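Participant: Please see the structure below; I have some questions.
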Amino acid sequence: MGRDEVLKTFEGVVSDPLGSIKEYKEKEKKPVVGYFCTYTPEEMIHAAGAIPFRIIGENKAVERADGHLQSYSCSLIRTGLDLALLGKLDFVDGTVFPHTCDSIQRLSDIWKVNAKIDYHADVVLPVKLNTESAKKYLIEELGAFRKSLDEHFSTTVSDKKLRESIKVYNEMRDNLSRLYRIKNEAPKSITARDVNNCVKAAMYMPVEEHNRLMAELLADLDKGAKDEDAPRVIFSGNLCVFPEILDFVEKAGAYVVGDDMCTGYRYFVTNVDEKKGDDLGPIEAIADRIIKRPICAAKHNPDFDRGEFLKSLAREVKAEGVVFLFLKFCDPHSFDYPRLMKSLDEVKIPHILIETEMDNPALGQLRTRIEAFVEMIRDNR
Amino acid sequence: MRELMTAYYTEAKTAEIDGSKKIAWITSGGPVEPLHAMDVIPIYPENHSAMLGASKMSIEMCEVAEEMGYSRDLCSYFRGDIGSAVTKKSPIPGALPKPDFLVAANNICGTVTKWYEILSRFFDVPLFLLDTPFIHGKITKQSSEYVEAQMRELISFLEVNCGKKFDHDRFKEVAETALEGLYLWEDILATCENRPAPMSCFDAFFFIAPIVTLRGTKECNEFYRKLLAELKQRVEDNIAAVPNEKIRLLWDNIPIWTRLRDLSELFASHGACLVADTYTNAWARTKIEGDDPVKGLGNALHKAYLNIDFQQMIKEVKGLIKRFSADGFVIHSNRSCKPYSLGQFDMARTIQEELDIPTIIIEADQTDDRVFSEEQTKTRVEAFIETVTEKIKKAL
């Protein structure tokens, strides 16, 4: 398969994620397990013989979830619950709720009563990530998750299987990292939307299949693509559910050269240390990755400053502007925003805040704001 | 009680100036007993934010926070607090005394984790976070060990920041005093099991300040002993909080501090008394048990009302409804507090179906009065009262 075909395949997967995951379930005769946050150790679900996928609802008005969740909850949980209530997840074999934020925590309660999905696992990860006691707890909690998977799926998530799963997931992460480097060095070689599709597709198809397709894509990217001197922009926030926003940036004549989003960089950055896995055990190595990856705003790690991280990311990819993209009503990210804003102001990098709700994107207005922002970056030069 | 709280804030303000005692800001669900044992004055920003609300200063302070870039969708306690810290405006002259260090427990929400991170940067002081993993069903062995380990880490943190050894004997005493205070508080709330109730939850919202801010002190217990005696006397004399009490109701969630009087009068005008609430009762749960008070306190904080799944919460609500013979359930859907509010719709349905009592949901906020709709609330409360009245009549 050449570049265009691979990208088309990914686009197909991303435009109908549930259709895709259902198809793979039937084809591979494996159970499928949905999860709500990228801190979920996908390797463990994979080692249990299931296909993990991320639950993100649809960009449309919520039909049934409003009877369970207030309008001031974020659209990730409202649209996610709607999928379940509308029966669109009837084919799903399980759901995993890692501890993320207050909203996901309560969604787990509501889900358990209303979603009627066979397997329900709460993996109560620590919020604190900088202490030995937190690490010990994290390892034990992952151990409990392993036991729960064993019991439910009548299998044994052995160390051997885990090591194999870690390997294929590391390959996926390596591939996406390479893609990000190419996009950064030769931004014209692939569109931001396609890059985002590559990341999201990894969440909606068997990892081996993704690895195969990515290898073909990476071999066929024109890394020599000449770039004119266009403004370079990065994204920071939680989820990018409207790829149109990426299009707006690039159609306005700028390039998206990186991000700190959980539908992007945060999903795949940092590998599980395979050597550590051999020496200490795979669960320990997975815990180590959870601790080491750049943190989500919902985690507490005084040794990791998200403001400094954003600044250094901007420096690394030579970004000249930052788009903060939040799903509205996300408390952790809203709390971090003034701090992140300040660190960008210190280095005089302009930024813009876009808050969206999945049932009400107001895309037309966003396009105008983004065009004005790109103009401003040009003037800033 | 005014005197009690004034004395408390005066002591804290004095300590800020002369440095005679260390000051720590702490969350409402935080481990305050070890602070008292170390002679540290605990300050509760949440309590202060409620004061901002009750004194109608919260909107102004929230707007300051919004100017700083904090979303209007964030907790109004936080917005009020940071606004007050920046402007020094407060019902307390000069606002809250500056902390020497911070202690937060995320057993009430993830919001306090972020809030205290911000305070830690703002005041440039160290922060200790007690991370209490959420409880689905039963407490797991690993999470209970994790909390216990952190209680030991807290003690080391206090030793470093106070420059002295932790006094375990003193801590034991404080823990015992706190336990006594909690039993008194429980007894105080229990007086409302009587018909008519000698006080309403609007009074309890007011009287809760000492068990939150002064738990573990003799002053707290002394105050509550007097209050309990007074309430018992009222019960004996058949004095009702709401004259001609006809309807008994249960309140859910943090009070709407900006509308305490309006709501209290509105319900009372219909002979309805809010005889209990999940908020003030949540404090009666923090009991330190077992031989090891450090472990016992960690365990008690771990099981906080907002740190358990909502099936367990429903069980508690059902218990309160039965114990206080409530005829209806008033639910405050509080924009500021997701862990308290998400799940309320399901809770309302369950309570309505299983106990067959009417419920009402009031959309509001603990201190951001801009989201409160006076007319709508009044109309809906009146309709609700009518339903409850019908129900009571039928049952007779």
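Quick note on naming: the chains in the structure tokens go A, B, ... in the order shown, residues restart at 1 in each chain, and ligands are numbered from 1 in order of appearance.
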Please, which residues of chain B lie no more than 6 Å from chain A when the count uses only C-alpha atoms, and can they be set out as a list in words?
Facilitator: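 Result, ordered by chain then number: Gly69, Gly110, Gln142, Tyr146, Pro339 and Phe345 of chain B.
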Participant: Those selected residues, please, written with C-alpha atoms and delivered as a PDB file, in the first residue's frame.
Facilitator:
```pdb
ATOM      1  CA  GLY B  69      -7.854  33.746  32.969  1.00  0.00           C
ATOM      2  CA  GLY B 110      -9.732  16.841  42.184  1.00  0.00           C
ATOM      3  CA  GLN B 142      -3.232  -1.412  48.400  1.00  0.00           C
ATOM      4  CA  TYR B 146      -0.961   3.944  50.277  1.00  0.00           C
ATOM      5  CA  PRO B 339     -18.126  15.073  42.519  1.00  0.00           C
ATOM      6  CA  PHE B 345     -30.208  12.674  38.422  1.00  0.00           C
TER       7      PHE B 345
END
```
Participant: So which residues touch Val257 in chain A within 8 Å, counting only C-alpha atoms, skipping near sequence neighbours fewer than 4 positions away, as a list in words?
Facilitator: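 Result of the neighbour search: Tyr180, Lys183, Asn184, Pro187, Ala192, Arg232, Val233, Ile234, Val317 and Ala319 of chain A.
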Participant: Could you turn the residues from that selection into a file that holds all heavy atoms, as a PDB file, in the first residue's frame?
Facilitator:
```pdb
ATOM      1  N   TYR A 180       5.798  12.293  13.749  1.00  0.00           N
ATOM      2  CA  TYR A 180       5.811  13.660  14.290  1.00  0.00           C
ATOM      3  C   TYR A 180       7.116  14.368  13.920  1.00  0.00           C
ATOM      4  O   TYR A 180       7.126  15.562  13.647  1.00  0.00           O
ATOM      5  CB  TYR A 180       5.616  13.640  15.820  1.00  0.00           C
ATOM      6  CG  TYR A 180       4.178  13.884  16.236  1.00  0.00           C
ATOM      7  CD1 TYR A 180       3.139  13.166  15.666  1.00  0.00           C
ATOM      8  CD2 TYR A 180       3.853  14.846  17.202  1.00  0.00           C
ATOM      9  CE1 TYR A 180       1.827  13.383  16.043  1.00  0.00           C
ATOM     10  CE2 TYR A 180       2.532  15.069  17.582  1.00  0.00           C
ATOM     11  CZ  TYR A 180       1.526  14.334  17.007  1.00  0.00           C
ATOM     12  OH  TYR A 180       0.219  14.556  17.373  1.00  0.00           O
ATOM     13  N   LYS A 183       6.850  15.390  10.299  1.00  0.00           N
ATOM     14  CA  LYS A 183       5.938  16.533  10.169  1.00  0.00           C
ATOM     15  C   LYS A 183       6.627  17.811  10.642  1.00  0.00           C
ATOM     16  O   LYS A 183       6.446  18.885  10.075  1.00  0.00           O
ATOM     17  CB  LYS A 183       4.672  16.270  11.000  1.00  0.00           C
ATOM     18  CG  LYS A 183       3.684  17.432  11.082  1.00  0.00           C
ATOM     19  CD  LYS A 183       3.006  17.717   9.753  1.00  0.00           C
ATOM     20  CE  LYS A 183       2.026  18.889   9.857  1.00  0.00           C
ATOM     21  NZ  LYS A 183       1.614  19.373   8.529  1.00  0.00           N
ATOM     22  N   ASN A 184       7.425  17.656  11.659  1.00  0.00           N
ATOM     23  CA  ASN A 184       8.133  18.807  12.218  1.00  0.00           C
ATOM     24  C   ASN A 184       9.215  19.313  11.260  1.00  0.00           C
ATOM     25  O   ASN A 184       9.361  20.511  11.034  1.00  0.00           O
ATOM     26  CB  ASN A 184       8.721  18.403  13.570  1.00  0.00           C
ATOM     27  CG  ASN A 184       9.478  19.534  14.224  1.00  0.00           C
ATOM     28  OD1 ASN A 184       9.167  20.696  13.998  1.00  0.00           O
ATOM     29  ND2 ASN A 184      10.467  19.194  15.010  1.00  0.00           N
ATOM     30  N   PRO A 187       7.057  19.936   7.172  1.00  0.00           N
ATOM     31  CA  PRO A 187       5.623  20.024   7.467  1.00  0.00           C
ATOM     32  C   PRO A 187       4.710  19.920   6.246  1.00  0.00           C
ATOM     33  O   PRO A 187       3.532  19.638   6.379  1.00  0.00           O
ATOM     34  CB  PRO A 187       5.475  21.391   8.149  1.00  0.00           C
ATOM     35  CG  PRO A 187       6.751  22.100   7.974  1.00  0.00           C
ATOM     36  CD  PRO A 187       7.800  21.107   7.647  1.00  0.00           C
ATOM     37  N   ALA A 192      -1.791  18.149   8.751  1.00  0.00           N
ATOM     38  CA  ALA A 192      -2.010  17.978  10.194  1.00  0.00           C
ATOM     39  C   ALA A 192      -3.176  17.030  10.445  1.00  0.00           C
ATOM     40  O   ALA A 192      -3.162  16.229  11.374  1.00  0.00           O
ATOM     41  CB  ALA A 192      -2.278  19.326  10.844  1.00  0.00           C
ATOM     42  N   ARG A 232       4.636  28.458  12.213  1.00  0.00           N
ATOM     43  CA  ARG A 232       4.540  27.126  12.825  1.00  0.00           C
ATOM     44  C   ARG A 232       3.758  27.218  14.141  1.00  0.00           C
ATOM     45  O   ARG A 232       4.033  28.063  14.980  1.00  0.00           O
ATOM     46  CB  ARG A 232       5.943  26.566  13.074  1.00  0.00           C
ATOM     47  CG  ARG A 232       6.746  26.367  11.793  1.00  0.00           C
ATOM     48  CD  ARG A 232       8.233  26.274  12.067  1.00  0.00           C
ATOM     49  NE  ARG A 232       8.586  25.032  12.753  1.00  0.00           N
ATOM     50  CZ  ARG A 232       8.836  23.885  12.148  1.00  0.00           C
ATOM     51  NH1 ARG A 232       8.770  23.804  10.834  1.00  0.00           N
ATOM     52  NH2 ARG A 232       9.160  22.811  12.839  1.00  0.00           N
ATOM     53  N   VAL A 233       2.803  26.313  14.269  1.00  0.00           N
ATOM     54  CA  VAL A 233       1.863  26.397  15.391  1.00  0.00           C
ATOM     55  C   VAL A 233       1.805  25.052  16.110  1.00  0.00           C
ATOM     56  O   VAL A 233       1.942  24.009  15.481  1.00  0.00           O
ATOM     57  CB  VAL A 233       0.451  26.773  14.840  1.00  0.00           C
ATOM     58  CG1 VAL A 233      -0.624  26.534  15.870  1.00  0.00           C
ATOM     59  CG2 VAL A 233       0.432  28.218  14.350  1.00  0.00           C
ATOM     60  N   ILE A 234       1.643  25.074  17.438  1.00  0.00           N
ATOM     61  CA  ILE A 234       1.371  23.823  18.162  1.00  0.00           C
ATOM     62  C   ILE A 234       0.064  23.945  18.949  1.00  0.00           C
ATOM     63  O   ILE A 234      -0.422  25.043  19.199  1.00  0.00           O
ATOM     64  CB  ILE A 234       2.521  23.407  19.121  1.00  0.00           C
ATOM     65  CG1 ILE A 234       2.843  24.515  20.118  1.00  0.00           C
ATOM     66  CG2 ILE A 234       3.741  22.991  18.349  1.00  0.00           C
ATOM     67  CD1 ILE A 234       3.853  24.099  21.181  1.00  0.00           C
ATOM     68  N   VAL A 317      10.264  22.543  18.610  1.00  0.00           N
ATOM     69  CA  VAL A 317       9.674  22.442  17.263  1.00  0.00           C
ATOM     70  C   VAL A 317       9.605  23.806  16.590  1.00  0.00           C
ATOM     71  O   VAL A 317       8.979  23.971  15.565  1.00  0.00           O
ATOM     72  CB  VAL A 317       8.279  21.780  17.298  1.00  0.00           C
ATOM     73  CG1 VAL A 317       8.357  20.391  17.915  1.00  0.00           C
ATOM     74  CG2 VAL A 317       7.277  22.637  18.060  1.00  0.00           C
ATOM     75  N   ALA A 319       8.012  26.542  17.415  1.00  0.00           N
ATOM     76  CA  ALA A 319       6.638  27.035  17.262  1.00  0.00           C
ATOM     77  C   ALA A 319       6.608  28.543  17.483  1.00  0.00           C
ATOM     78  O   ALA A 319       7.317  29.075  18.322  1.00  0.00           O
ATOM     79  CB  ALA A 319       5.730  26.347  18.263  1.00  0.00           C
TER      80      ALA A 319
END
```
Participant: What lies within 9 Å of Ala12 in chain B using only C-alpha atoms, ignoring chain neighbours under 3 positions off, as an MDAnalysis selection string?
Facilitator: chainID B and resid 7:9 15:17 21:23 41:43 96:97
Participant: What does the file look like for those residues with all heavy atoms, as a tab-separated table (two decimals), in the first residue's frame?
Facilitator:
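Below is the file result-v4.tsv, written as the result:
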```tsv
chain	number	residue	atom	x	y	z
B	7	ALA	N	-12.30	34.94	67.50
B	7	ALA	CA	-11.08	34.64	68.26
B	7	ALA	C	-10.11	33.81	67.41
B	7	ALA	O	-8.91	34.05	67.40
B	7	ALA	CB	-11.44	33.87	69.53
B	8	TYR	N	-10.68	32.89	66.67
B	8	TYR	CA	-9.87	32.02	65.81
B	8	TYR	C	-9.14	32.83	64.74
B	8	TYR	O	-7.92	32.72	64.56
B	8	TYR	CB	-10.79	30.95	65.20
B	8	TYR	CG	-10.32	30.27	63.94
B	8	TYR	CD1	-9.19	29.45	63.94
B	8	TYR	CD2	-11.04	30.41	62.76
B	8	TYR	CE1	-8.79	28.81	62.77
B	8	TYR	CE2	-10.66	29.78	61.60
B	8	TYR	CZ	-9.53	28.98	61.60
B	8	TYR	OH	-9.15	28.34	60.45
B	9	TYR	N	-9.87	33.69	64.06
B	9	TYR	CA	-9.24	34.48	62.99
B	9	TYR	C	-8.28	35.53	63.57
B	9	TYR	O	-7.27	35.85	62.96
B	9	TYR	CB	-10.28	35.11	62.07
B	9	TYR	CG	-10.81	34.15	61.04
B	9	TYR	CD1	-12.15	33.74	61.02
B	9	TYR	CD2	-9.95	33.60	60.07
B	9	TYR	CE1	-12.62	32.84	60.07
B	9	TYR	CE2	-10.40	32.70	59.12
B	9	TYR	CZ	-11.74	32.32	59.12
B	9	TYR	OH	-12.19	31.43	58.18
B	15	ALA	N	-0.69	35.68	64.50
B	15	ALA	CA	0.42	34.78	64.17
B	15	ALA	C	1.07	35.17	62.85
B	15	ALA	O	2.29	35.03	62.68
B	15	ALA	CB	-0.08	33.34	64.11
B	16	GLU	N	0.26	35.65	61.93
B	16	GLU	CA	0.81	36.07	60.64
B	16	GLU	C	1.81	37.21	60.84
B	16	GLU	O	2.87	37.26	60.21
B	16	GLU	CB	-0.32	36.53	59.70
B	16	GLU	CG	0.18	36.93	58.32
B	16	GLU	CD	-0.91	37.55	57.45
B	16	GLU	OE1	-1.89	38.08	58.01
B	16	GLU	OE2	-0.77	37.51	56.21
B	17	ILE	N	1.44	38.11	61.75
B	17	ILE	CA	2.28	39.29	61.97
B	17	ILE	C	3.52	38.96	62.81
B	17	ILE	O	4.64	39.25	62.43
B	17	ILE	CB	1.46	40.42	62.64
B	17	ILE	CG1	0.33	40.85	61.67
B	17	ILE	CG2	2.35	41.62	62.99
B	17	ILE	CD1	-0.81	41.59	62.35
B	21	LYS	N	3.17	31.47	65.57
B	21	LYS	CA	2.76	30.11	65.23
B	21	LYS	C	2.78	29.97	63.72
B	21	LYS	O	2.61	30.95	62.99
B	21	LYS	CB	1.33	29.87	65.71
B	21	LYS	CG	1.22	29.54	67.18
B	21	LYS	CD	-0.21	29.16	67.51
B	21	LYS	CE	-0.32	28.69	68.96
B	21	LYS	NZ	-1.69	28.29	69.27
B	22	LYS	N	2.98	28.75	63.26
B	22	LYS	CA	2.93	28.49	61.82
B	22	LYS	C	1.46	28.44	61.37
B	22	LYS	O	0.58	28.04	62.14
B	22	LYS	CB	3.58	27.14	61.50
B	22	LYS	CG	5.06	27.11	61.80
B	22	LYS	CD	5.86	27.63	60.63
B	22	LYS	CE	7.34	27.50	60.94
B	22	LYS	NZ	8.15	28.40	60.11
B	23	ILE	N	1.25	28.85	60.14
B	23	ILE	CA	-0.09	28.84	59.57
B	23	ILE	C	-0.10	27.90	58.37
B	23	ILE	O	0.78	27.98	57.51
B	23	ILE	CB	-0.51	30.25	59.13
B	23	ILE	CG1	-0.62	31.17	60.36
B	23	ILE	CG2	-1.82	30.22	58.34
B	23	ILE	CD1	-0.76	32.62	60.01
B	41	ILE	N	-1.68	26.72	63.09
B	41	ILE	CA	-3.06	27.22	62.94
B	41	ILE	C	-3.57	26.83	61.55
B	41	ILE	O	-3.01	27.23	60.54
B	41	ILE	CB	-3.12	28.74	63.10
B	41	ILE	CG1	-2.56	29.13	64.48
B	41	ILE	CG2	-4.55	29.25	62.93
B	41	ILE	CD1	-2.59	30.62	64.74
B	42	PRO	N	-4.64	26.03	61.52
B	42	PRO	CA	-5.19	25.65	60.22
B	42	PRO	C	-6.15	26.72	59.70
B	42	PRO	O	-6.97	27.25	60.46
B	42	PRO	CB	-5.94	24.36	60.51
B	42	PRO	CG	-6.33	24.46	61.96
B	42	PRO	CD	-5.38	25.39	62.64
B	43	ILE	N	-6.03	27.03	58.44
B	43	ILE	CA	-6.94	27.99	57.81
B	43	ILE	C	-7.64	27.28	56.66
B	43	ILE	O	-7.00	26.59	55.88
B	43	ILE	CB	-6.14	29.20	57.27
B	43	ILE	CG1	-5.54	30.02	58.42
B	43	ILE	CG2	-6.98	30.07	56.35
B	43	ILE	CD1	-6.55	30.80	59.22
B	96	LEU	N	-7.36	36.47	54.42
B	96	LEU	CA	-6.79	35.35	55.18
B	96	LEU	C	-5.29	35.54	55.39
B	96	LEU	O	-4.60	36.06	54.52
B	96	LEU	CB	-7.01	34.03	54.42
B	96	LEU	CG	-8.45	33.50	54.36
B	96	LEU	CD1	-8.48	32.20	53.55
B	96	LEU	CD2	-9.00	33.25	55.76
B	97	PRO	N	-4.78	35.12	56.56
B	97	PRO	CA	-3.34	35.23	56.79
B	97	PRO	C	-2.56	34.34	55.83
B	97	PRO	O	-3.01	33.24	55.49
B	97	PRO	CB	-3.18	34.75	58.24
B	97	PRO	CG	-4.39	33.94	58.53
B	97	PRO	CD	-5.50	34.52	57.71
```
Participant: Take CA of Ile352 in chain A and CA of Phe373 in chain A and report the distance between them in Å, one decimal.
Facilitator: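 So the two atoms, CA of Ile352 in chain A and CA of Phe373 in chain A, lie 7.2 Å apart.
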Participant: Which residue out of B:Leu301, B:Leu249, B:Ile155, B:Ile188 has the minimum interatomic distance to Glu230 in chain B when only C-alpha atoms are used?
Facilitator: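 Smallest distance to Glu230 in chain B is found for B:Ile188.
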